[in-house]
Amino acid sequence: MNLKRLKLITPDLLALLLLMVLPPLVFWQAWSPNSADRVMFGGDILMGAYPTRLFVHRLFEMGAAPLWNPYQLGGMPLLGDVQVAPYYLPNLLLDLLYRGRDLSYIAFEMLVIAHYALGAVFLYAYLRGLGVRTAAALIGAIGFEFNGFFVGHRGHYNMLAVVVWLPGVLWLLDHAWRATWPRQRLAWAVLAGLALSQMVMAGHPQVTLYCALTITGYCGYRWVLALRQAPHARWRERLRVPALFVLTGLIAAGIAAVALLPAAELLGRSLRDNLSYDFTTQYSLLPRDFVGLLVPEFLGWSGTEFRIYAGILTLFLATVAFLVPGRPERTFFGVAMVIALITALGGFTVLHGLIYRFVPGFSSIRVSTRAFYIANLALSILAAFGAEKLLAVLREQDLRRLRYLVRGAGALLVVALLLGAVLYTFLLRNYQPVGENFFKAESLFSRLPATNPFMLLTQTANAYLLFVLLLAASTVLLWARLHGQLTGRPWALAALVVMFLDVATFAPYHDTLKADPETAHFTIKNYATTMITETWQISDQQQLIAQLHQLPDGLRVDNAAEVLPDNYSAVYQTPFATGYNILDLQERFTLLKQWPKLSNPVWRDLMNVGYVLTAPGIADPPEPDARLLLENSQGKLWARAQQPSYAHFSTSIRPAALSLAINWLLSVPGQTLATQPSVDMDQKQLQATLKQQWPAAVDPALYTIGKTGVRSPVDIGDVR
């Protein structure tokens, strides 16, 4: 590489380096050398993604394929659970880096942080591929790097891992469509297919659907644009855009088939197979939540699912992109933003019902707020377009339009100051002593939950003041450009600083726990994590886990009381009959929750439960004559009086005519299946109930597998 070429690409290299460095700097507490400074990412990462990833990592270390998880819900398909993402390339890279040792939580957090940089790098590459100036592309990429969706859904690792690939796929497809030579087109299409396959394999069907529809719409936009530019081109050239798009999709489908095919089978048997419209509209974006575009912490409304903040400067620059004529792509991304907004509103618009009825895939997903990610992406791209216009020489009519925007921003600042005075009045009216600890702990990186109006208003006032300061900074930045006080590189540098402070300020503390992952111990109940800090409590929890390791094989534990974190059963290597998975098998759920109304002892029999965990404050045994094995501050472990020796549950993944069967395979030697003892349920009514409501369930042919003495590869539990 000659010096001239190096000089040309140096700004891009420095921009990419900055984008890769910023996330570790913003989330410095996740990897701080000082244990006292560290925080843990909370949410689904802690509750589900990490323990499952650790289990898969251990399977790979043993040379086993991740096909089945016998420790959750009495057994669950592992490869078919798309959120596990065992063959997602970044996950495999982490497995390779930690070969021969356990995967640490900090390492998994760093993988999450790396996806922030990956998404920003892809967006920067896309913008540069369009010809956007380096500084403008960098401004847009930084705004995207810490957008509300990335910050809010940091705990939803699979969502984050999916959406970061979208700008990368758009970038690679653009290169394929623009390439001159057929080999170049094919090479770029193959790379686009690889990127698209990783989007699919990252493991979240809902946001994959949103991204896929966006890519399809973008392809249609590019095709129409190409036809207009060359209306008399040969048919091969006229079909170039859709042909390369189809090739990209086929390559992606072929690579991702290892995840798609098992996932499709499991989805058809899961609770998500056929949802009602009321279910799909859960967690729609509330109209009140639009205040989160300006103040993300207003009255605590910007929870994980409702965090839509894009940045004050982002909104202003996106407005400039429409006020000042520029790139044609602004039309597509403007339309995409509006459609995403309508979709995110869910049940608050009549159009969502039509989308649910006629667009494939929307009948199996909920939390429509997540569609706002497409709006976040569009706003960041439009912000880059707007920044590019402000870095160029503006015509008189452009300056006139910019003047209107600056005046509007100034008026908004005045209104914001007046509203701030009202908020401060409410704060004073609700004042009450909260103790010195509140003021010591309240910061961006460590916050106490708001338990009364004064604390809630205090946190809102802090966030509102930051909004006013950022609004003032953005207004001054536009004013300085309008009057020529700041132009060119100085303006670009100032815009970069303001953009970073704007979007990154609210990022570090969201959904974090003040603890060192290397020494942390915790419980999870009702999706809330509670840290265990006392040494004797930690010792008791370890004692409970050690006792579970000593239990005999073939029997499961009922952890419905959530004495231990349910999804960590795979880490403990203790089979739980309980747990949580959004892809819970519909047939299992129906049997245990809906039909028939079984008593606890009977369903424990059906799930091969031999032991029960109860909360420490519960004095009564879970069943009559249950024997207490261990009691401490963390819980009680009971052995059932009569250990099940027969029942285990199976799904239709077995070669049987019946889709679901209850097998009672008693280990009584010398007896045929027909002479096995009957199963009791409320005066021995289980067999009669099955015969009446499910005649096929008593067909002896279904139970011949029990005579082999070999564990079925598809059954949950051990054949005894």
# chains A, B, ... in the order shown; residues from 1 in each chain; ligands from 1

call {"tool": "residues_around", "arguments": {"residues": "Leu469 of chain A", "least_positions_apart": "2", "cutoff": "12 Å", "atoms": "only C-alpha atoms", "output": "list in words"}}
result
Leu294, Val295, Ile312, Leu313, Leu413, Val414, Ala416, Leu417, Gly420, Asn462, Ala463, Tyr464, Leu465, Leu466, Phe467, Leu471, Ala472, Ala473, Ser474, Thr475, Val476, Val498, Leu501, Asp502 and Thr505 of chain A

call {"tool": "residues_around", "arguments": {"residues": "Leu130 of chain A", "least_positions_apart": "4", "cutoff": "12 Å", "atoms": "only C-alpha atoms", "output": "tab-separated table (two decimals) with all heavy atoms, in the first residue's frame"}}
result
chain	number	residue	atom	x	y	z
A	123	LEU	N	-22.95	0.51	10.09
A	123	LEU	CA	-23.67	1.69	9.62
A	123	LEU	C	-22.70	2.69	9.00
A	123	LEU	O	-23.02	3.31	7.97
A	123	LEU	CB	-24.43	2.36	10.77
A	123	LEU	CG	-25.29	3.54	10.31
A	123	LEU	CD1	-26.47	3.04	9.49
A	123	LEU	CD2	-25.79	4.37	11.48
A	124	TYR	N	-21.53	2.85	9.59
A	124	TYR	CA	-20.52	3.74	9.01
A	124	TYR	C	-20.15	3.27	7.60
A	124	TYR	O	-20.05	4.09	6.67
A	124	TYR	CB	-19.29	3.79	9.90
A	124	TYR	CG	-18.18	4.66	9.37
A	124	TYR	CD1	-18.19	6.03	9.59
A	124	TYR	CD2	-17.13	4.12	8.64
A	124	TYR	CE1	-17.18	6.85	9.09
A	124	TYR	CE2	-16.11	4.92	8.14
A	124	TYR	CZ	-16.14	6.28	8.36
A	124	TYR	OH	-15.14	7.08	7.86
A	125	ALA	N	-19.94	1.96	7.45
A	125	ALA	CA	-19.59	1.42	6.13
A	125	ALA	C	-20.71	1.66	5.13
A	125	ALA	O	-20.46	1.99	3.95
A	125	ALA	CB	-19.30	-0.08	6.25
A	126	TYR	N	-21.97	1.50	5.58
A	126	TYR	CA	-23.09	1.73	4.67
A	126	TYR	C	-23.12	3.19	4.22
A	126	TYR	O	-23.28	3.48	3.02
A	126	TYR	CB	-24.40	1.36	5.37
A	126	TYR	CG	-25.63	1.81	4.60
A	126	TYR	CD1	-26.02	1.14	3.45
A	126	TYR	CD2	-26.37	2.91	5.03
A	126	TYR	CE1	-27.13	1.56	2.72
A	126	TYR	CE2	-27.48	3.33	4.32
A	126	TYR	CZ	-27.86	2.65	3.17
A	126	TYR	OH	-28.94	3.07	2.45
A	134	THR	N	-16.89	11.59	5.55
A	134	THR	CA	-16.38	10.85	6.70
A	134	THR	C	-16.94	11.38	8.01
A	134	THR	O	-17.44	10.62	8.85
A	134	THR	CB	-14.84	10.91	6.74
A	134	THR	OG1	-14.33	10.37	5.52
A	134	THR	CG2	-14.30	10.12	7.92
A	136	ALA	N	-19.60	13.25	8.61
A	136	ALA	CA	-21.05	13.08	8.70
A	136	ALA	C	-21.41	11.63	8.98
A	136	ALA	O	-22.31	11.34	9.78
A	136	ALA	CB	-21.72	13.56	7.41
A	137	ALA	N	-20.72	10.70	8.30
A	137	ALA	CA	-20.96	9.28	8.54
A	137	ALA	C	-20.63	8.91	9.98
A	137	ALA	O	-21.34	8.10	10.61
A	137	ALA	CB	-20.15	8.43	7.56
A	170	LEU	N	-27.43	-4.18	4.20
A	170	LEU	CA	-27.73	-3.12	3.24
A	170	LEU	C	-26.46	-2.64	2.53
A	170	LEU	O	-26.47	-2.40	1.30
A	170	LEU	CB	-28.40	-1.94	3.95
A	170	LEU	CG	-29.74	-2.21	4.63
A	170	LEU	CD1	-30.29	-0.92	5.26
A	170	LEU	CD2	-30.75	-2.80	3.67
A	171	TRP	N	-25.38	-2.52	3.27
A	171	TRP	CA	-24.10	-2.08	2.70
A	171	TRP	C	-23.60	-3.09	1.66
A	171	TRP	O	-23.22	-2.71	0.53
A	171	TRP	CB	-23.09	-1.90	3.83
A	171	TRP	CG	-21.66	-1.77	3.39
A	171	TRP	CD1	-21.16	-0.87	2.49
A	171	TRP	CD2	-20.55	-2.56	3.82
A	171	TRP	NE1	-19.80	-1.06	2.34
A	171	TRP	CE2	-19.41	-2.08	3.16
A	171	TRP	CE3	-20.42	-3.61	4.72
A	171	TRP	CZ2	-18.14	-2.63	3.35
A	171	TRP	CZ3	-19.16	-4.15	4.94
A	171	TRP	CH2	-18.04	-3.68	4.26
A	172	LEU	N	-23.62	-4.36	2.00
A	172	LEU	CA	-23.11	-5.39	1.09
A	172	LEU	C	-24.00	-5.54	-0.14
A	172	LEU	O	-23.51	-5.75	-1.25
A	172	LEU	CB	-22.98	-6.71	1.84
A	172	LEU	CG	-21.93	-6.73	2.95
A	172	LEU	CD1	-22.06	-7.99	3.80
A	172	LEU	CD2	-20.52	-6.63	2.37
A	173	LEU	N	-25.31	-5.44	0.05
A	173	LEU	CA	-26.22	-5.51	-1.10
A	173	LEU	C	-26.01	-4.33	-2.04
A	173	LEU	O	-26.03	-4.50	-3.28
A	173	LEU	CB	-27.67	-5.54	-0.61
A	173	LEU	CG	-28.20	-6.88	-0.12
A	173	LEU	CD1	-29.60	-6.73	0.46
A	173	LEU	CD2	-28.22	-7.91	-1.25
A	174	ASP	N	-25.80	-3.15	-1.50
A	174	ASP	CA	-25.52	-1.99	-2.34
A	174	ASP	C	-24.28	-2.21	-3.20
A	174	ASP	O	-24.25	-1.88	-4.39
A	174	ASP	CB	-25.35	-0.74	-1.48
A	174	ASP	CG	-26.65	0.03	-1.31
A	174	ASP	OD1	-27.63	-0.30	-2.00
A	174	ASP	OD2	-26.69	0.95	-0.47
A	175	HIS	N	-23.24	-2.79	-2.60
A	175	HIS	CA	-22.02	-3.08	-3.36
A	175	HIS	C	-22.30	-4.11	-4.45
A	175	HIS	O	-21.78	-4.00	-5.56
A	175	HIS	CB	-20.93	-3.59	-2.41
A	175	HIS	CG	-20.12	-2.50	-1.79
A	175	HIS	ND1	-19.17	-1.78	-2.48
A	175	HIS	CD2	-20.12	-1.98	-0.54
A	175	HIS	CE1	-18.62	-0.88	-1.69
A	175	HIS	NE2	-19.18	-0.98	-0.50
A	178	ARG	N	-24.12	-2.37	-7.31
A	178	ARG	CA	-23.34	-1.37	-8.03
A	178	ARG	C	-22.14	-1.96	-8.78
A	178	ARG	O	-21.58	-1.30	-9.65
A	178	ARG	CB	-22.82	-0.30	-7.07
A	178	ARG	CG	-23.89	0.53	-6.40
A	178	ARG	CD	-23.25	1.76	-5.76
A	178	ARG	NE	-24.18	2.45	-4.88
A	178	ARG	CZ	-24.15	2.40	-3.56
A	178	ARG	NH1	-23.22	1.69	-2.96
A	178	ARG	NH2	-25.04	3.06	-2.85
A	327	ARG	N	-29.83	13.63	-0.56
A	327	ARG	CA	-29.75	12.27	-1.08
A	327	ARG	C	-31.14	11.66	-1.28
A	327	ARG	O	-32.03	11.83	-0.45
A	327	ARG	CB	-28.93	11.41	-0.12
A	327	ARG	CG	-27.49	11.88	-0.02
A	327	ARG	CD	-26.62	10.93	0.75
A	327	ARG	NE	-25.23	11.35	0.63
A	327	ARG	CZ	-24.42	11.01	-0.36
A	327	ARG	NH1	-24.89	10.22	-1.32
A	327	ARG	NH2	-23.18	11.44	-0.41
A	328	PRO	N	-31.29	10.88	-2.37
A	328	PRO	CA	-32.61	10.28	-2.64
A	328	PRO	C	-33.00	9.23	-1.61
A	328	PRO	O	-34.20	8.95	-1.44
A	328	PRO	CB	-32.42	9.65	-4.03
A	328	PRO	CG	-30.94	9.43	-4.17
A	328	PRO	CD	-30.30	10.57	-3.42
A	329	GLU	N	-32.03	8.62	-0.92
A	329	GLU	CA	-32.35	7.57	0.05
A	329	GLU	C	-33.18	8.09	1.23
A	329	GLU	O	-33.79	7.29	1.94
A	329	GLU	CB	-31.06	6.93	0.59
A	329	GLU	CG	-30.30	6.09	-0.40
A	329	GLU	CD	-29.38	6.91	-1.28
A	329	GLU	OE1	-29.30	8.14	-1.06
A	329	GLU	OE2	-28.75	6.34	-2.20
A	330	ARG	N	-33.20	9.41	1.39
A	330	ARG	CA	-33.97	9.96	2.51
A	330	ARG	C	-35.45	9.62	2.38
A	330	ARG	O	-36.16	9.48	3.38
A	330	ARG	CB	-33.77	11.46	2.61
A	330	ARG	CG	-34.35	12.25	1.44
A	330	ARG	CD	-34.22	13.73	1.62
A	330	ARG	NE	-34.87	14.44	0.50
A	330	ARG	CZ	-35.14	15.72	0.50
A	330	ARG	NH1	-34.82	16.46	1.56
A	330	ARG	NH2	-35.71	16.30	-0.54
A	381	ILE	N	-29.46	7.39	10.08
A	381	ILE	CA	-29.04	7.59	8.69
A	381	ILE	C	-29.42	8.99	8.22
A	381	ILE	O	-28.62	9.70	7.58
A	381	ILE	CB	-29.66	6.51	7.80
A	381	ILE	CG1	-29.07	5.14	8.16
A	381	ILE	CG2	-29.43	6.81	6.32
A	381	ILE	CD1	-29.73	3.98	7.45
A	384	ALA	N	-27.08	11.57	9.57
A	384	ALA	CA	-25.83	11.65	8.81
A	384	ALA	C	-26.04	12.47	7.54
A	384	ALA	O	-25.18	13.28	7.16
A	384	ALA	CB	-25.35	10.24	8.46
A	385	PHE	N	-27.19	12.28	6.87
A	385	PHE	CA	-27.49	13.08	5.68
A	385	PHE	C	-27.57	14.56	6.05
A	385	PHE	O	-27.07	15.43	5.32
A	385	PHE	CB	-28.81	12.64	5.05
A	385	PHE	CG	-28.78	11.24	4.47
A	385	PHE	CD1	-29.96	10.60	4.12
A	385	PHE	CD2	-27.59	10.57	4.28
A	385	PHE	CE1	-29.96	9.33	3.57
A	385	PHE	CE2	-27.57	9.28	3.74
A	385	PHE	CZ	-28.76	8.66	3.39
A	388	GLU	N	-24.17	16.02	6.75
A	388	GLU	CA	-23.44	16.22	5.50
A	388	GLU	C	-23.83	17.55	4.85
A	388	GLU	O	-22.97	18.27	4.32
A	388	GLU	CB	-23.71	15.06	4.56
A	388	GLU	CG	-22.92	15.15	3.25
A	388	GLU	CD	-23.25	14.00	2.32
A	388	GLU	OE1	-24.43	13.62	2.23
A	388	GLU	OE2	-22.31	13.49	1.66

call {"tool": "atom_distance", "arguments": {"atom1": "atom CA of Arg307 of chain A", "atom2": "atom CA of Trp165 of chain A"}}
result
20.2 Å

call {"tool": "closest_residue", "arguments": {"among": "A:Arg101, A:Arg238, A:Arg357, A:Arg128", "to": "Ile9 of chain A", "atoms": "only C-alpha atoms"}}
result
A:Arg128

call {"tool": "closest_residue", "arguments": {"among": "A:Ala520, A:Val335, A:Ile142, A:Leu299", "to": "Leu457 of chain A", "atoms": "only C-alpha atoms"}}
result
A:Leu299

call {"tool": "closest_residue", "arguments": {"among": "A:Ala135, A:Leu247, A:Leu405, A:Leu260", "to": "Leu186 of chain A", "atoms": "only C-alpha atoms"}}
result
A:Leu247

call {"tool": "closest_residue", "arguments": {"among": "A:Leu59, A:Leu323, A:Met531, A:Leu470", "to": "Thr512 of chain A", "atoms": "only C-alpha atoms"}}
result
A:Met531

call {"tool": "closest_residue", "arguments": {"among": "A:Leu96, A:Ala494, A:Ala187, A:Val82", "to": "His204 of chain A", "atoms": "only C-alpha atoms"}}
result
A:Val82

call {"tool": "closest_residue", "arguments": {"among": "A:Val164, A:Leu267, A:Ala189, A:Leu285", "to": "Pro242 of chain A", "atoms": "only C-alpha atoms"}}
result
A:Ala189

call {"tool": "residues_around", "arguments": {"residues": "Gln543 of chain A", "least_positions_apart": "3", "cutoff": "10 Å", "atoms": "only C-alpha atoms", "output": "VMD selection string"}}
result
chain A and resid 537 to 540 546 to 549 630 to 632 634

call {"tool": "write_last_selection", "arguments": {"atoms": "N, CA and C atoms", "output": "short mmCIF file (atom, residue, chain, number, x, y, z; two decimals), in the first residue's frame"}}
result
data_model
loop_
_atom_site.label_atom_id
_atom_site.label_comp_id
_atom_site.auth_asym_id
_atom_site.auth_seq_id
_atom_site.Cartn_x
_atom_site.Cartn_y
_atom_site.Cartn_z
N GLN A 537 -25.16 -16.42 53.83
CA GLN A 537 -26.20 -16.70 52.84
C GLN A 537 -25.61 -17.34 51.59
N ILE A 538 -24.46 -16.85 51.19
CA ILE A 538 -23.78 -17.44 50.03
C ILE A 538 -23.43 -18.90 50.32
N SER A 539 -22.92 -19.14 51.53
CA SER A 539 -22.57 -20.51 51.92
C SER A 539 -23.80 -21.42 51.91
N ASP A 540 -24.93 -20.90 52.36
CA ASP A 540 -26.16 -21.70 52.36
C ASP A 540 -26.61 -22.03 50.95
N ALA A 546 -24.91 -27.99 46.26
CA ALA A 546 -24.12 -29.21 46.45
C ALA A 546 -25.01 -30.40 46.80
N GLN A 547 -26.05 -30.14 47.60
CA GLN A 547 -26.97 -31.22 47.95
C GLN A 547 -27.71 -31.74 46.72
N LEU A 548 -28.06 -30.84 45.81
CA LEU A 548 -28.74 -31.25 44.58
C LEU A 548 -27.85 -32.16 43.73
N HIS A 549 -26.55 -31.90 43.77
CA HIS A 549 -25.62 -32.73 43.00
C HIS A 549 -25.59 -34.17 43.51
N LEU A 630 -32.74 -30.98 53.68
CA LEU A 630 -31.85 -29.86 54.00
C LEU A 630 -32.69 -28.61 54.22
N GLU A 631 -32.31 -27.84 55.22
CA GLU A 631 -32.98 -26.58 55.50
C GLU A 631 -31.93 -25.54 55.89
N ASN A 632 -31.98 -24.39 55.21
CA ASN A 632 -31.11 -23.28 55.59
C ASN A 632 -31.79 -21.97 55.18
N GLN A 634 -31.68 -20.21 52.62
CA GLN A 634 -32.06 -20.04 51.23
C GLN A 634 -33.24 -20.90 50.80
#
